[in-house]
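**Student:** One structure, pasted below without further comment.
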Amino acid sequence: MTTHYLVLSGLLFAIGAFGVLIRRNAIVVFMCVELMLNACNLAFVTFSRQVGNLEGQIIAFFVMVVAAAEVVVGLAIIVTIFRTRRSASVDDANLLKY
Amino acid sequence: MESQIAEIVQHTGGVIGNAWLMIAFPLVGAFILLVFNRFTDRWGHLLGVAMSLASFVVAVLAFFELLGFGEEERRRAVHLYEFIPGMVDMGLLIDPLSICFALLITGVGSLIHIYSIGYMAHDEHRRRFFSYLNLFVAAMLLLVLADNYVGLFIGWEGVGLASYLLIGFWQFKPSAATAAKKAFVVNRVGDFGLLVGMFIIWTTFGTLTFQGLGEQITPGQTNGTMLAIGLLLLLGACGKSAQLPLQSWLLDAMEGPTPVSALIHAATMVTAGVYLVVRSGAFFFPEGSGAALAVAIVGAATLLAGAIIGCAKDDIKKGLAGSTMSQIGYMMLGAGLGPAGYAFAIGHLITHGFFKADMFLGAGSVMHGMNDEVDMRKYGGLRKYMPITFATFFIGYLAIIGFPLLSGYFTKDGIIETAVHHQPVLGWLAVLGAGITGFYMSRMIFMTFFGEKRWADDAHPHESPAVMTVPLMILSLGSIVLGGYLILSNRLLLFLAPAVGRPEALPEFHFTSTPGLATLALVAVGAIIAWMKYGRVEVPSVQPRGSFLTTFARRDLYGDALNESLFMRPGQWLTRIAVFFDNRGIDGLVNGLAAGIGGSSGRLRRLQTGFARTYALSIFIGAALLTGALLLVGNI
C-alpha cells in the first residue's frame with residue numbers, strides 16, 4: 001500500500017519538475033512548484049503513517065505554511081513584473097545576469 | 001719604550017667635579033632657543049653667546065684646578081650616572097688632553113659665536129643658527145670629555161647632526177641641502193667603522209671606558225684584533241676629519257654659513273678624528289704598529305691631496321677647505337708617529353684652530369663686504385678697503401705657511417721634523433706639502449687683497465663692524481704667539497705627557513735643521529711662483545681653461561667622480577635591479593594571480609544567463625548527481 005502512495009508522490013513530483021523546466025508562463029511554473037511541494041507532503045504523510053509517529057505530518061503542515069507564504073510573495077512579484085513588463089514569461093525576466 | 005700613561009683618579013667636588021656644567025650650559029641654550037623659538041628671536045643670539053662664554057669660564061676654571069694637581073694626578077674621572085646598567089657608566093674624563101680641546105672648543109667657539117652676531121645680523125633665522133651652534137658646542141664637549149667610547153660616540157653623532165643642520169642652514173638652496181646630505185652620508189661610512197670598532201673592543205676587552213682599557217692593555221701590545229680595531233677607528237676618524245678616502249664631503253660643506261665653516265669645518269669638529277686617534281693612541285695605535293703607520297700614511301696622502309686641491313680653487317672658502325684637509329693631514333701624520341708626534345699634532349690642532357678660524361672669519365668678513373661673492377677672481381685690491389680684515393687674514397696666512405716665529409712655524413715644523421725622523425718618506429712628502437701650502441695660500445692672498453679691483457660695479461667693499469673684527473684680532477693674536485708658547489721648551493708636550501705618554505727623548509726645537517730649512521725654502525719658492533702667476537700679472541676675472549693638472553685639482557682629484565663610479569652608480573644599478581625585480585617579480589606574481597582570477601571569473605560568469613529555468617535545471621541536475629553519488633556509496 002505504501003508503495004502506491006510513494007509512486008504517486010514520485011509521479012506528481014516529476015510532473016511538477018518537468019513543468020518548472022519546460023513551461024514559460026510564470027503562473028504555471030508557480031503551480032508546478034506547488035505540485036512538487038505537495039508531492040513531498042504526500043511522501044511525508046505516507047512515511048508518517050508507515051513509521052507510526054506524527055513527525056512527518058507535522059512537517060507537512062510546516063511545508064504548507066511555507067508554501068502559503070511563498071504564494072503571497074511570489075504572486076505579488078509576478079503581478080508586479082506583469083504590470084511593468086506586460087509579460088508573465090519567466091524567460092523575459094532575464095535582466096539579472098552577468 | 002715610552003713612559004707609562006698616568007693612572008686615572010676618581011674625583012668628586014670642585015669645578016672638575018661639576019665639569020658637566022660645561023656641556024649643560026650650551027645644551028640648555030640650544031634647548032631654550034629651539035623650544036621657545038620665536039619668543040626668543042630678539043635676544044636669542046645673546047643667550048647663545050652667554051651660554052658659550054659660561055662654558056668657556058667653566059673650562060678655564062677646570063683648567064686651573066687641574067694645574068693644581070701633581071703631574072701624575074692630572075687625569076681626573078668624574079662619575080655622572082649609570083648609563084647602560086652593567087655595561088657603561090657615564091662619566092667625564094678631565095685630563096690634559098681633554099682640557100686642551102675643551103679650551104679650544106669653548107674659546108674659539110665663543111669668539112665665533114660673537115662674530116656670528118654681526119655676520120648673521122641680516123638673517124631672519126639667526127636665532128635658529130645660534131641654537132644649532134650651541135648644540136654643536138655641547139656635543140663636541142661631550143665628545144672630548146666623555147671617559148668612555150659610548151659617550152664619545154654620542155658626542156660624535158651629535159656634532160655630525162649639528163654639522164648637517166648647519167651645512168644645510170640655508171636649506172632653500174638646493175646645493176646646500178645636497179651638501180648637507182652628502183656630509184651626513186659620507187660620515188655614516190666613518191661612523192660605521194667607529195661603531196664596529198667599539199663592538200670589537202667590547203667583545204674583546206669587556207669594557208669601553210678608557211680607564212678599563214688602560215688597565216687591560218700593556219703599552220706597545222699589538223695583535224690582529226687590536227690592528228683591526230685600530231683600522232676601524234681610523235676609518236671613523238677619516239670620516240669625521242675628511243681624510244682620504246672619505247674627504248669628499250668637506251669641500252661641499254662650505255655651502256654652510258661662513259662661521260660654521262670656521263667653527264665646525266676648520267677649527268673643531270673636523271679635528272675630532274685626530275682626538276680619537278690620540279685618545280686611543282696608547283691602546284690601539286702604539287708607536288711602530290701597523291695601525292699607526294696607516295694613520296701616518298693617510299695623513300701624508302691627505303695633506304698632499306688637500307694642498308693640490310687648494311691650488312686650483314677660485315672659491316675662497318673652498319680653497320680654505322682644501323687647506324683645512326691638508327692641515328688635518330699634518331695632524332694625522334703627527335698622530336701616527338706615537339707619543340713623539342702627539343704633542344705636535346695637538347699643538348698644530350690648537351694653532352690651526354686659531355689661524356684657520358681667523359682666515360675663515362676673514363673670508364666671511366670679505367664676503368660680508370662683497371655681497372656674499374666667494375669667487376676670488378671677482379676680488380682684487382681689497383687691502384685698501386678692509387684694512388683690519390686684511391691685517392688679520394695676513395697674520396693667519398703667515399701662520400699657516402709657517403713664517404718663522406709665528407704659530408704654524410713651530411707646530412708644523414715639529415710634525416715635519418718628527419716625521420722625517422720616524423718615517424723619512426712621509427716626512428719629506430710633508431715638506432713638499434708645506435711648499436704647496438706656500439703657493440696656494442699666497443695665491444689666495446694675491447687674488448683677494450692685491451692687484452687691481454675686479455669686482456662688479458654694485459659691490460661696495462667696506463670694513464665689517466667691530467663685533468666681527470674684534471674676534472678676528474683675538475684669533476690673529478693667538479695665531480702669532482700660541483705656537484711658540486706651546487712648542488718652545490716642550491710646554492705642551494710635558495703638559496700632555498700624563499695623558500698620552502712621553503717619548504723616549506724630549507725633542508729640542510732647532511731653528512736650523514735640514515727639514516726645517518728645506519721647508520722654508522720650498523715655501524718661499526711656492527710664494528714666489530704664486531707672485532709671478534697672480535701678483536705680478538693681472539688675474540683674469542674669468543676662470544681660464546687650465547691644463548690637465550689644473551682640471552684634476554679643480555675637480556677635487558676626481559674624488560667625487562671616483563665615488564660616483566665606484567659606489568653611486570653600482571648603488572643605483574642595485575636599486576634599479578631591485579625595482580625591476582619588485583615590479584616584475586613580486587608585483588608580477590601578485591598582479592598575475594589577480595589577472596588570472598579576474599580572467600577566469602570573467603569567463604565563468606557567462607554561466608549566469610538570467611534564465612530562471614536554466615538555474616532550475618542545474619539545481620535538478622546537481623540534486624540528481626548528489627543523490628546518485630549517495631546511492632552509489634550506499635549511505636542511503
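Residues are referred to by chain and number: the chain letter is A, B, ... according to the order shown in the C-alpha cells, the number counts from 1 in that chain, and ligands are numbered separately from 1 in the order shown.
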Which chain A residues are at most 9 Å from chain B (counting only C-alpha atoms), as a PyMOL selection string?
**Tutor:** chain A and resi 17+20-24+90-98
**Student:** How would the residues just chosen look if you wrote them out with N, CA and C atoms as a PDB file, in the first residue's frame?
**Tutor:**
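In the end it all went to part.pdb:
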```pdb
ATOM      1  N   ALA A  17       8.309  18.937 -11.632  1.00  0.00           N
ATOM      2  CA  ALA A  17       9.670  19.325 -12.032  1.00  0.00           C
ATOM      3  C   ALA A  17       9.733  19.604 -13.529  1.00  0.00           C
ATOM      4  N   VAL A  20       8.186  22.899 -14.237  1.00  0.00           N
ATOM      5  CA  VAL A  20       9.074  24.033 -13.911  1.00  0.00           C
ATOM      6  C   VAL A  20      10.090  24.240 -15.033  1.00  0.00           C
ATOM      7  N   LEU A  21      10.586  23.112 -15.581  1.00  0.00           N
ATOM      8  CA  LEU A  21      11.657  23.239 -16.558  1.00  0.00           C
ATOM      9  C   LEU A  21      11.159  23.643 -17.937  1.00  0.00           C
ATOM     10  N   ILE A  22       9.966  23.205 -18.332  1.00  0.00           N
ATOM     11  CA  ILE A  22       9.581  23.439 -19.726  1.00  0.00           C
ATOM     12  C   ILE A  22       8.565  24.555 -19.898  1.00  0.00           C
ATOM     13  N   ARG A  23       7.782  24.912 -18.893  1.00  0.00           N
ATOM     14  CA  ARG A  23       6.772  25.942 -19.082  1.00  0.00           C
ATOM     15  C   ARG A  23       7.379  27.313 -18.891  1.00  0.00           C
ATOM     16  N   ARG A  24       6.881  28.308 -19.693  1.00  0.00           N
ATOM     17  CA  ARG A  24       7.412  29.660 -19.585  1.00  0.00           C
ATOM     18  C   ARG A  24       6.522  30.561 -18.752  1.00  0.00           C
ATOM     19  N   VAL A  90       8.744  33.674 -17.806  1.00  0.00           N
ATOM     20  CA  VAL A  90       9.963  33.701 -16.978  1.00  0.00           C
ATOM     21  C   VAL A  90      11.188  33.995 -17.838  1.00  0.00           C
ATOM     22  N   ASP A  91      11.143  33.679 -19.125  1.00  0.00           N
ATOM     23  CA  ASP A  91      12.308  33.935 -19.966  1.00  0.00           C
ATOM     24  C   ASP A  91      12.473  35.407 -20.308  1.00  0.00           C
ATOM     25  N   ASP A  92      11.380  36.180 -20.207  1.00  0.00           N
ATOM     26  CA  ASP A  92      11.527  37.612 -20.466  1.00  0.00           C
ATOM     27  C   ASP A  92      12.184  38.333 -19.301  1.00  0.00           C
ATOM     28  N   ALA A  93      12.032  37.780 -18.117  1.00  0.00           N
ATOM     29  CA  ALA A  93      12.623  38.446 -16.935  1.00  0.00           C
ATOM     30  C   ALA A  93      14.045  37.928 -16.740  1.00  0.00           C
ATOM     31  N   ASN A  94      14.946  38.323 -17.627  1.00  0.00           N
ATOM     32  CA  ASN A  94      16.322  37.792 -17.542  1.00  0.00           C
ATOM     33  C   ASN A  94      17.356  38.909 -17.431  1.00  0.00           C
ATOM     34  N   LEU A  95      16.939  40.039 -16.865  1.00  0.00           N
ATOM     35  CA  LEU A  95      17.899  41.160 -16.764  1.00  0.00           C
ATOM     36  C   LEU A  95      19.008  40.882 -15.754  1.00  0.00           C
ATOM     37  N   LEU A  96      18.718  40.110 -14.726  1.00  0.00           N
ATOM     38  CA  LEU A  96      19.719  39.888 -13.665  1.00  0.00           C
ATOM     39  C   LEU A  96      20.670  38.798 -14.138  1.00  0.00           C
ATOM     40  N   LYS A  97      21.702  39.213 -14.881  1.00  0.00           N
ATOM     41  CA  LYS A  97      22.669  38.234 -15.387  1.00  0.00           C
ATOM     42  C   LYS A  97      24.058  38.871 -15.403  1.00  0.00           C
ATOM     43  N   TYR A  98      25.009  38.167 -16.029  1.00  0.00           N
ATOM     44  CA  TYR A  98      26.405  38.578 -15.979  1.00  0.00           C
ATOM     45  C   TYR A  98      26.600  40.058 -16.283  1.00  0.00           C
TER      46      TYR A  98
END
```
**Student:** Could you tell me, as a compact mmCIF listing (two decimals) with C-alpha atoms, in the first residue's frame, which residues of chain A DSSP assigns to alpha helix (DSSP H) when given the backbone?
**Tutor:**
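Below is the file that was written, result37.txt:
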```txt
# COMPACT_ATOMS: atom_id res chain seq x y z
CA THR A 2 2.76 2.40 0.94
CA THR A 3 4.42 1.86 -2.41
CA HIS A 4 1.39 3.15 -4.28
CA TYR A 5 1.38 6.37 -2.34
CA LEU A 6 5.10 6.80 -2.91
CA VAL A 7 4.81 6.11 -6.62
CA LEU A 8 2.04 8.68 -6.84
CA SER A 9 4.18 11.12 -4.91
CA GLY A 10 7.11 10.48 -7.26
CA LEU A 11 4.91 10.95 -10.33
CA LEU A 12 3.48 14.20 -9.02
CA PHE A 13 7.00 15.45 -8.19
CA ALA A 14 8.26 14.54 -11.65
CA ILE A 15 5.32 16.25 -13.36
CA GLY A 16 5.96 19.38 -11.25
CA ALA A 17 9.67 19.32 -12.03
CA PHE A 18 9.10 18.96 -15.76
CA GLY A 19 6.55 21.74 -15.59
CA VAL A 20 9.07 24.03 -13.91
CA LEU A 21 11.66 23.24 -16.56
CA ILE A 22 9.58 23.44 -19.73
CA ALA A 26 5.29 32.23 -14.52
CA ILE A 27 1.89 31.30 -13.08
CA VAL A 28 2.11 27.77 -14.44
CA VAL A 29 5.69 27.43 -13.17
CA PHE A 30 4.45 28.57 -9.84
CA MET A 31 1.70 26.00 -9.80
CA CYS A 32 4.22 23.33 -10.73
CA VAL A 33 6.34 24.31 -7.75
CA GLU A 34 3.23 23.88 -5.59
CA LEU A 35 2.72 20.50 -7.14
CA MET A 36 6.26 19.47 -6.16
CA LEU A 37 5.75 20.70 -2.62
CA ASN A 38 2.52 18.74 -2.28
CA ALA A 39 4.18 15.64 -3.72
CA CYS A 40 6.68 15.97 -0.91
CA ASN A 41 3.84 16.40 1.58
CA LEU A 42 2.29 13.19 0.36
CA ALA A 43 5.57 11.33 0.84
CA PHE A 44 5.94 12.77 4.36
CA VAL A 45 2.46 11.73 5.40
CA THR A 46 2.91 8.28 3.87
CA PHE A 47 6.11 7.67 5.76
CA SER A 48 4.49 9.09 8.90
CA ARG A 49 1.73 6.52 8.74
CA GLN A 50 4.16 3.73 7.98
CA VAL A 51 6.53 4.54 10.81
CA GLU A 55 6.61 13.95 12.89
CA GLY A 56 6.06 13.56 9.13
CA GLN A 57 2.59 15.05 9.42
CA ILE A 58 3.89 17.99 11.44
CA ILE A 59 6.47 18.68 8.77
CA ALA A 60 3.72 18.54 6.14
CA PHE A 61 1.98 21.36 8.00
CA PHE A 62 5.20 23.37 8.03
CA VAL A 63 5.56 22.88 4.32
CA MET A 64 2.01 24.11 3.77
CA VAL A 65 2.66 27.22 5.83
CA VAL A 66 5.81 27.94 3.88
CA ALA A 67 4.01 27.30 0.61
CA ALA A 68 1.24 29.72 1.58
CA ALA A 69 3.77 32.40 2.46
CA GLU A 70 5.60 31.72 -0.78
CA VAL A 71 2.40 32.13 -2.77
CA VAL A 72 1.80 35.53 -1.18
CA VAL A 73 5.25 36.81 -2.05
CA GLY A 74 5.59 35.01 -5.38
CA LEU A 75 2.22 36.10 -6.78
CA ALA A 76 2.92 39.68 -5.71
CA ILE A 77 6.22 39.58 -7.62
CA ILE A 78 4.62 38.04 -10.69
CA VAL A 79 1.83 40.62 -10.71
CA THR A 80 4.32 43.45 -10.38
CA ILE A 81 6.50 42.11 -13.18
CA PHE A 82 3.42 41.69 -15.36
CA ARG A 83 2.32 45.25 -14.66
CA THR A 84 5.68 46.76 -15.66
CA ARG A 85 6.71 44.45 -18.50
```
**Student:** Nearest to Val49 of chain B: which of B:Gly109, B:Gly396, B:Tyr385, B:Gly230 is it, counting only C-alpha atoms?
**Tutor:**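 When distances to Val49 of chain B are compared using only C-alpha atoms, the smallest one comes from B:Gly109.
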**Student:** Write out as an NGL selection string which residues come within 8 Å of Ala237 of chain B when counting only C-alpha atoms, dropping same-chain ones fewer than 2 positions away.
**Tutor:** :B and (190 or 194 or 233-235 or 239-241 or 243 or 272-274 or 276-277)
**Student:** Please identify all polymer residues within 7 Å of segment 403-413 of chain B, counting only C-alpha atoms, omitting same-chain residues fewer than 6 positions from it, and present them as a tab-separated table (two decimals) with C-alpha atoms, in the first residue's frame.
**Tutor:**
```tsv
chain	number	residue	atom	x	y	z
B	344	PHE	CA	102.93	68.44	17.81
B	347	GLY	CA	99.77	71.73	19.11
B	348	HIS	CA	99.13	72.10	15.39
B	351	THR	CA	97.20	76.75	16.46
B	479	SER	CA	98.00	82.84	15.59
B	480	ILE	CA	101.10	84.85	16.39
B	481	VAL	CA	102.09	83.77	19.88
B	482	LEU	CA	100.45	80.43	20.61
B	483	GLY	CA	102.75	78.16	18.62
B	484	GLY	CA	105.97	79.42	20.16
B	487	ILE	CA	106.26	74.22	21.50
B	516	GLY	CA	113.11	73.00	8.59
```
**Student:** Choose the residue, out of B:Met359, B:Ile32, B:Ala102, B:Val186, that has the smallest atom-to-atom separation from Ala321 of chain B; count only C-alpha atoms.
**Tutor:** B:Met359
**Student:** Here is a test: counting only C-alpha atoms, which residue of B:Gly353, B:Gly151, B:Pro498, B:Gly546 is nearest to Leu92 of chain B?
**Tutor:** B:Gly151
**Student:** For Val467 of chain B, which residue out of B:Ala505, B:Val590, B:Ala121, B:Ile5 is the nearest one, using only C-alpha atoms?
**Tutor:**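 Nearest candidate to Val467 of chain B out of B:Ala505, B:Val590, B:Ala121, B:Ile5: B:Ala121.
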**Student:** Do a neighbour search on Val28 of chain B at 9 Å with only C-alpha atoms, toss out local chain neighbours closer than 5 positions, and write the hits as a PyMOL selection string.
**Tutor:** chain B and resi 23+33+51+134-135
**Student:** Using only C-alpha atoms, which residues sit within 10 Å of Ile154 of chain B once same-chain residues fewer than 4 positions away are excluded, as an MDAnalysis selection string?
**Tutor:** chainID B and resid 139:140 142:143 146 149:150 158:160
**Student:** So that I have them on file, write out the residues from the current selection with C-alpha atoms, as a tab-separated table (two decimals), in the first residue's frame.
**Tutor:**
```tsv
chain	number	residue	atom	x	y	z
B	139	ALA	CA	78.00	67.75	21.53
B	140	MET	CA	81.65	68.50	20.81
B	142	LEU	CA	80.68	65.60	25.25
B	143	LEU	CA	82.84	64.03	22.55
B	146	ALA	CA	83.49	61.55	27.90
B	149	TYR	CA	83.74	55.31	23.87
B	150	VAL	CA	79.95	55.29	24.19
B	158	GLY	CA	75.80	64.97	17.96
B	159	VAL	CA	78.43	67.00	16.13
B	160	GLY	CA	77.52	65.16	12.95
```
**Student:** If we count only C-alpha atoms and set the cut-off at 6 Å, which residues sit around segment 521-528 of chain B, ignoring sequence neighbours fewer than 2 positions away in its own chain? Please answer as number ranges by chain.
**Tutor:** B: 435, 438-439, 442, 518-519, 530-531
